[in-house]
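Below is one structure, written out as structure tokens, with a few remarks after it.
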Amino acid sequence: MTEIAVPPPDSVPAPVVRMRGSAAAVGGRTIWSDVSLEVATGQFIAVLGPNGAGKSTLIKTILGLTPTVAGTVEVLGGPVGRRNSGIGYLPQRRAFDTSLRIRGIDIVRLGLDGARWGTPIPWLSKLVTPERYRARQQRLREVIDLVGASAYAHRPIGQCSGGEQQRLLIAQALIRRPRLLLLDEPLDSLDVPSQAGISALIRDICRQEQVAVVMVAHDVNPILPYLDRLVYVARGQALTGTPAEVITGEKLSALYGIPIEVLRDSTGRLFVVGQPDVPPGHTATASIARPER
């Protein structure tokens, strides 16, 4: 009989993020408490909830910018803030001014040179060794191609659409090959097709680059088909799990304190009715596609 080798327990990769009974406070006020969460390599996780619930605070806690007042948080196998070089971070933003002439490719290059003052100077970057320069240029091309931005990367960033700008900024966050990507409302102010396109792109990046992604979002609609897990934050509490586990009328109603219905149609799709704080221009229903058989 052929024996099957079983890997030892310590060969199982540690979670990229591990929170246990964590609580965060800002200005002396507890924002949320008793949050437990694990994020594995290659997972796409969304953080959802109403305005002021502490979604961005969760991201800042993972970065070590907002300290916890209870529980524990480990990031990339160590204490928060110690291994931020392995994290790509895209904060909330507004669209670039249409008159801004910096090229998209130079915005992406800031991911390599952003620790220095000023805008990247092409001839200055050639002062590094030829091997390093070629490697940097190769990675720049790879990451721009990865996000599908090759056709407009040399265009002034102000002349790019909102969705194109967001793809270039995601490329900037990815250029140093992070193990964890934190995105704070990257879908904000984008139209519905652009939101779906960016969501699909992020899911593909998780799989291809084996990057764990934690993304703050307002509206669950465009991202549900692509998520592995999600975190709902409301009224100082958090609900975590797979979409099918979390999105039930009973659980969401208890979390938000208002009646929320979850309906299922004949094809197996789930619809959330009564979702609070959905931005203008979005429907108040969300769907989860039935898993393929």
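Please note that chains go A, B, ... in the order of the structure tokens, that every chain numbers its residues from 1, and that ligands are numbered from 1 in the order shown.
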
Any idea what's packed within 10 Å of stretch 253-260 of chain A, counting only C-alpha atoms, ignoring anything in its chain fewer than 3 positions away? Could you give it as an NGL selection string? :A and (49-50 or 232-239 or 247-250 or 263 or 272-276)

With N, CA and C atoms retained, write the just-selected residues as a JSON list (two decimals), in the first residue's frame.
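What ended up in result_13.json:
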[["chain", "number", "residue", "atom", "x", "y", "z"],
["A", 49, "GLY", "N", -20.65, 48.25, 5.83],
["A", 49, "GLY", "CA", -21.38, 48.80, 6.96],
["A", 49, "GLY", "C", -21.76, 50.23, 6.70],
["A", 50, "PRO", "N", -22.61, 50.81, 7.57],
["A", 50, "PRO", "CA", -23.06, 52.19, 7.38],
["A", 50, "PRO", "C", -21.95, 53.20, 7.66],
["A", 232, "TYR", "N", -19.32, 42.55, 8.07],
["A", 232, "TYR", "CA", -20.30, 43.63, 8.23],
["A", 232, "TYR", "C", -20.06, 44.27, 9.59],
["A", 233, "VAL", "N", -19.87, 45.60, 9.61],
["A", 233, "VAL", "CA", -19.65, 46.34, 10.85],
["A", 233, "VAL", "C", -20.81, 47.30, 11.05],
["A", 234, "ALA", "N", -21.43, 47.27, 12.24],
["A", 234, "ALA", "CA", -22.54, 48.18, 12.54],
["A", 234, "ALA", "C", -22.78, 48.19, 14.04],
["A", 235, "ARG", "N", -23.08, 49.37, 14.57],
["A", 235, "ARG", "CA", -23.45, 49.55, 15.97],
["A", 235, "ARG", "C", -22.44, 48.91, 16.93],
["A", 236, "GLY", "N", -21.14, 49.05, 16.59],
["A", 236, "GLY", "CA", -20.09, 48.57, 17.46],
["A", 236, "GLY", "C", -19.85, 47.07, 17.42],
["A", 237, "GLN", "N", -20.54, 46.39, 16.52],
["A", 237, "GLN", "CA", -20.40, 44.94, 16.41],
["A", 237, "GLN", "C", -19.92, 44.58, 15.01],
["A", 238, "ALA", "N", -19.51, 43.34, 14.84],
["A", 238, "ALA", "CA", -19.07, 42.87, 13.53],
["A", 238, "ALA", "C", -19.57, 41.45, 13.30],
["A", 239, "LEU", "N", -19.90, 41.18, 12.06],
["A", 239, "LEU", "CA", -20.37, 39.88, 11.64],
["A", 239, "LEU", "C", -19.46, 39.42, 10.51],
["A", 247, "ILE", "N", -25.12, 36.75, 5.01],
["A", 247, "ILE", "CA", -26.26, 37.46, 4.45],
["A", 247, "ILE", "C", -27.53, 36.65, 4.64],
["A", 248, "THR", "N", -28.09, 36.81, 5.83],
["A", 248, "THR", "CA", -29.41, 36.26, 6.16],
["A", 248, "THR", "C", -30.22, 37.39, 6.77],
["A", 249, "GLY", "N", -31.52, 37.35, 6.59],
["A", 249, "GLY", "CA", -32.37, 38.40, 7.14],
["A", 249, "GLY", "C", -32.24, 38.52, 8.64],
["A", 250, "GLU", "N", -32.18, 37.39, 9.33],
["A", 250, "GLU", "CA", -32.09, 37.40, 10.79],
["A", 250, "GLU", "C", -30.80, 38.05, 11.27],
["A", 263, "LEU", "N", -34.07, 37.67, 0.22],
["A", 263, "LEU", "CA", -34.95, 36.87, -0.61],
["A", 263, "LEU", "C", -34.13, 36.00, -1.54],
["A", 272, "VAL", "N", -30.80, 41.20, -0.98],
["A", 272, "VAL", "CA", -30.92, 41.90, 0.29],
["A", 272, "VAL", "C", -31.78, 43.13, 0.07],
["A", 273, "VAL", "N", -32.87, 43.24, 0.81],
["A", 273, "VAL", "CA", -33.82, 44.34, 0.66],
["A", 273, "VAL", "C", -33.79, 45.18, 1.92],
["A", 274, "GLY", "N", -33.61, 46.51, 1.76],
["A", 274, "GLY", "CA", -33.57, 47.38, 2.91],
["A", 274, "GLY", "C", -32.16, 47.66, 3.39],
["A", 275, "GLN", "N", -31.19, 47.53, 2.49],
["A", 275, "GLN", "CA", -29.79, 47.76, 2.84],
["A", 275, "GLN", "C", -29.58, 49.24, 3.17],
["A", 276, "PRO", "N", -29.08, 49.57, 4.38],
["A", 276, "PRO", "CA", -28.90, 50.98, 4.74],
["A", 276, "PRO", "C", -27.68, 51.60, 4.09]]

Identify, on the basis of only C-alpha atoms, every residue whose closest approach to stretch 78-95 of chain A does not exceed 6 Å; exclude the query and any residue fewer than 3 positions from it along the same chain; express the result as a JSON list (two decimals) with C-alpha atoms, in the first residue's frame.
[["chain", "number", "residue", "atom", "x", "y", "z"],
["A", 63, "LEU", "CA", -1.80, 49.06, 9.38],
["A", 64, "GLY", "CA", -1.05, 49.85, 13.03],
["A", 74, "GLU", "CA", -1.27, 39.87, 13.95],
["A", 75, "VAL", "CA", -0.36, 40.91, 10.41],
["A", 173, "ALA", "CA", -0.10, 49.49, -4.71],
["A", 178, "PRO", "CA", 2.85, 42.91, -1.41],
["A", 179, "ARG", "CA", 1.35, 39.92, 0.35],
["A", 180, "LEU", "CA", -1.60, 41.99, 1.58],
["A", 181, "LEU", "CA", -3.53, 44.67, -0.30],
["A", 182, "LEU", "CA", -5.72, 47.11, 1.66],
["A", 183, "LEU", "CA", -8.21, 49.12, -0.40],
["A", 184, "ASP", "CA", -10.33, 51.84, 1.22],
["A", 185, "GLU", "CA", -13.47, 52.39, -0.89]]

What's around stretch 38-43 of chain A at 8 Å? Count only C-alpha atoms, leave out sequence neighbours fewer than 4 positions away in its own chain, and write the answer as a compact mmCIF listing (two decimals) with N, CA and C atoms, in the first residue's frame.
# COMPACT_ATOMS: atom_id res chain seq x y z
N ALA A 14 0.41 30.46 7.78
CA ALA A 14 -0.29 31.26 8.80
C ALA A 14 -1.18 32.28 8.11
N PRO A 15 -2.28 32.68 8.74
CA PRO A 15 -3.12 33.72 8.14
C PRO A 15 -2.35 35.00 7.89
N VAL A 16 -2.69 35.70 6.84
CA VAL A 16 -2.06 36.99 6.56
C VAL A 16 -2.47 38.01 7.62
N VAL A 17 -3.74 37.95 8.03
CA VAL A 17 -4.25 38.78 9.12
C VAL A 17 -4.99 37.88 10.10
N ARG A 18 -4.73 38.07 11.38
CA ARG A 18 -5.46 37.33 12.41
C ARG A 18 -5.86 38.30 13.51
N MET A 19 -7.17 38.46 13.72
CA MET A 19 -7.69 39.29 14.80
C MET A 19 -8.46 38.39 15.76
N ARG A 179 2.11 41.11 0.01
CA ARG A 179 1.35 39.92 0.35
C ARG A 179 -0.07 40.26 0.76
N CYS A 206 -6.12 38.51 -6.75
CA CYS A 206 -6.01 37.59 -5.61
C CYS A 206 -5.51 36.23 -6.07
N ARG A 207 -6.10 35.73 -7.15
CA ARG A 207 -5.77 34.39 -7.62
C ARG A 207 -4.39 34.35 -8.30
N GLU A 209 -1.77 36.66 -8.29
CA GLU A 209 -0.64 37.13 -7.52
C GLU A 209 -0.57 36.52 -6.13
N GLN A 210 -1.60 35.74 -5.76
CA GLN A 210 -1.70 35.17 -4.41
C GLN A 210 -1.55 36.26 -3.34
N VAL A 211 -2.29 37.34 -3.57
CA VAL A 211 -2.35 38.46 -2.64
C VAL A 211 -3.67 38.39 -1.88
N ALA A 212 -3.62 38.58 -0.58
CA ALA A 212 -4.85 38.71 0.20
C ALA A 212 -5.33 40.15 0.09
N VAL A 213 -6.63 40.35 -0.15
CA VAL A 213 -7.20 41.69 -0.32
C VAL A 213 -8.29 41.92 0.71
N LEU A 227 -16.51 37.73 -3.95
CA LEU A 227 -15.98 37.67 -2.58
C LEU A 227 -15.80 36.24 -2.08
N ASP A 228 -14.77 36.06 -1.25
CA ASP A 228 -14.61 34.82 -0.50
C ASP A 228 -15.26 34.94 0.87
N ARG A 229 -15.05 36.08 1.52
CA ARG A 229 -15.63 36.32 2.84
C ARG A 229 -15.96 37.79 2.96

Find the residues around A:Ile107 up to 8 Å (only C-alpha atoms counted), leave out those fewer than 6 positions away in its own chain, and share them as a ChimeraX atom specification. /A:157,168-169,172

Please write the residues from the selection above to a file, keeping all heavy atoms, as a short mmCIF file (atom, residue, chain, number, x, y, z; two decimals), in the first residue's frame.
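See out.cif below for the written result:
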data_model
loop_
_atom_site.label_atom_id
_atom_site.label_comp_id
_atom_site.auth_asym_id
_atom_site.auth_seq_id
_atom_site.Cartn_x
_atom_site.Cartn_y
_atom_site.Cartn_z
N ILE A 157 -2.73 61.47 -16.25
CA ILE A 157 -3.68 60.83 -15.34
C ILE A 157 -5.00 61.60 -15.27
O ILE A 157 -6.06 61.01 -15.11
CB ILE A 157 -3.05 60.70 -13.93
CG1 ILE A 157 -3.90 59.79 -13.04
CG2 ILE A 157 -2.82 62.06 -13.29
CD1 ILE A 157 -3.90 58.35 -13.40
N LEU A 168 -4.85 52.19 -12.34
CA LEU A 168 -3.46 52.63 -12.23
C LEU A 168 -3.03 52.73 -10.77
O LEU A 168 -1.89 52.39 -10.42
CB LEU A 168 -3.29 53.98 -12.94
CG LEU A 168 -3.37 53.91 -14.47
CD1 LEU A 168 -3.61 55.30 -15.06
CD2 LEU A 168 -2.11 53.29 -15.07
N LEU A 169 -3.92 53.17 -9.90
CA LEU A 169 -3.58 53.26 -8.48
C LEU A 169 -3.45 51.87 -7.85
O LEU A 169 -2.61 51.66 -6.96
CB LEU A 169 -4.65 54.08 -7.75
CG LEU A 169 -4.61 55.58 -8.05
CD1 LEU A 169 -5.83 56.27 -7.46
CD2 LEU A 169 -3.33 56.22 -7.51
N GLN A 172 -0.09 50.75 -8.75
CA GLN A 172 0.90 51.39 -7.87
C GLN A 172 1.03 50.63 -6.55
O GLN A 172 2.13 50.40 -6.05
CB GLN A 172 0.49 52.84 -7.58
CG GLN A 172 1.45 53.60 -6.70
CD GLN A 172 0.82 54.85 -6.14
OE1 GLN A 172 0.17 54.82 -5.10
NE2 GLN A 172 1.01 55.97 -6.84
#

If you count only C-alpha atoms, which residues fall within 12 Å of A:Arg139, apart from same-chain ones fewer than 4 positions away, as a list in words? Ile105, Val108, Arg109, Gly111, Leu112, Arg132, Tyr133, Arg134, Ala135, Val143, Ile144, Asp145, Leu146, Ala171, Gln172, Leu174, Ile175, Arg176 and Arg177 of chain A

For the residues in the current selection, export C-alpha atoms as a compact mmCIF listing (two decimals), in the first residue's frame.
# COMPACT_ATOMS: atom_id res chain seq x y z
CA ILE A 105 2.89 55.29 -15.70
CA VAL A 108 2.43 53.72 -10.89
CA ARG A 109 6.19 54.25 -10.58
CA GLY A 111 4.96 52.81 -5.80
CA LEU A 112 8.69 52.22 -6.20
CA ARG A 132 18.15 46.74 -11.20
CA TYR A 133 16.91 49.29 -13.73
CA ARG A 134 15.82 46.54 -16.13
CA ALA A 135 14.11 44.65 -13.30
CA VAL A 143 1.89 45.39 -13.17
CA ILE A 144 0.40 47.80 -15.71
CA ASP A 145 -0.46 44.84 -17.92
CA LEU A 146 -1.88 42.97 -14.92
CA ALA A 171 -1.04 48.91 -10.01
CA GLN A 172 0.90 51.39 -7.87
CA LEU A 174 0.92 46.16 -6.28
CA ILE A 175 4.27 47.08 -7.79
CA ARG A 176 6.35 45.99 -4.79
CA ARG A 177 4.68 42.56 -4.75

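Residue nearest A:Asp97 within the list A:Glu142, A:Ala149, A:Asn51, A:Gln159: A:Gln159 [criterion: smallest interatomic distance, only C-alpha atoms].
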
Hey, what does DSSP flag as alpha helix (DSSP H) within stretch 89-275 of chain A? Can you give it to me as a PyMOL selection string? chain A and resi 104-113+122-125+130-146+162-174+192-209+243-246+249-256

Can you pull out the residues contacting A:Gly162? Cut-off 12 Å, using only C-alpha atoms, and skip same-chain residues under 2 positions away; I want them as JSON, numbers by chain. {"A": [93, 94, 95, 96, 97, 98, 157, 158, 159, 160, 164, 165, 166, 167, 168, 169, 186, 187, 188, 189, 190, 191, 192, 193, 194, 195, 197, 198]}
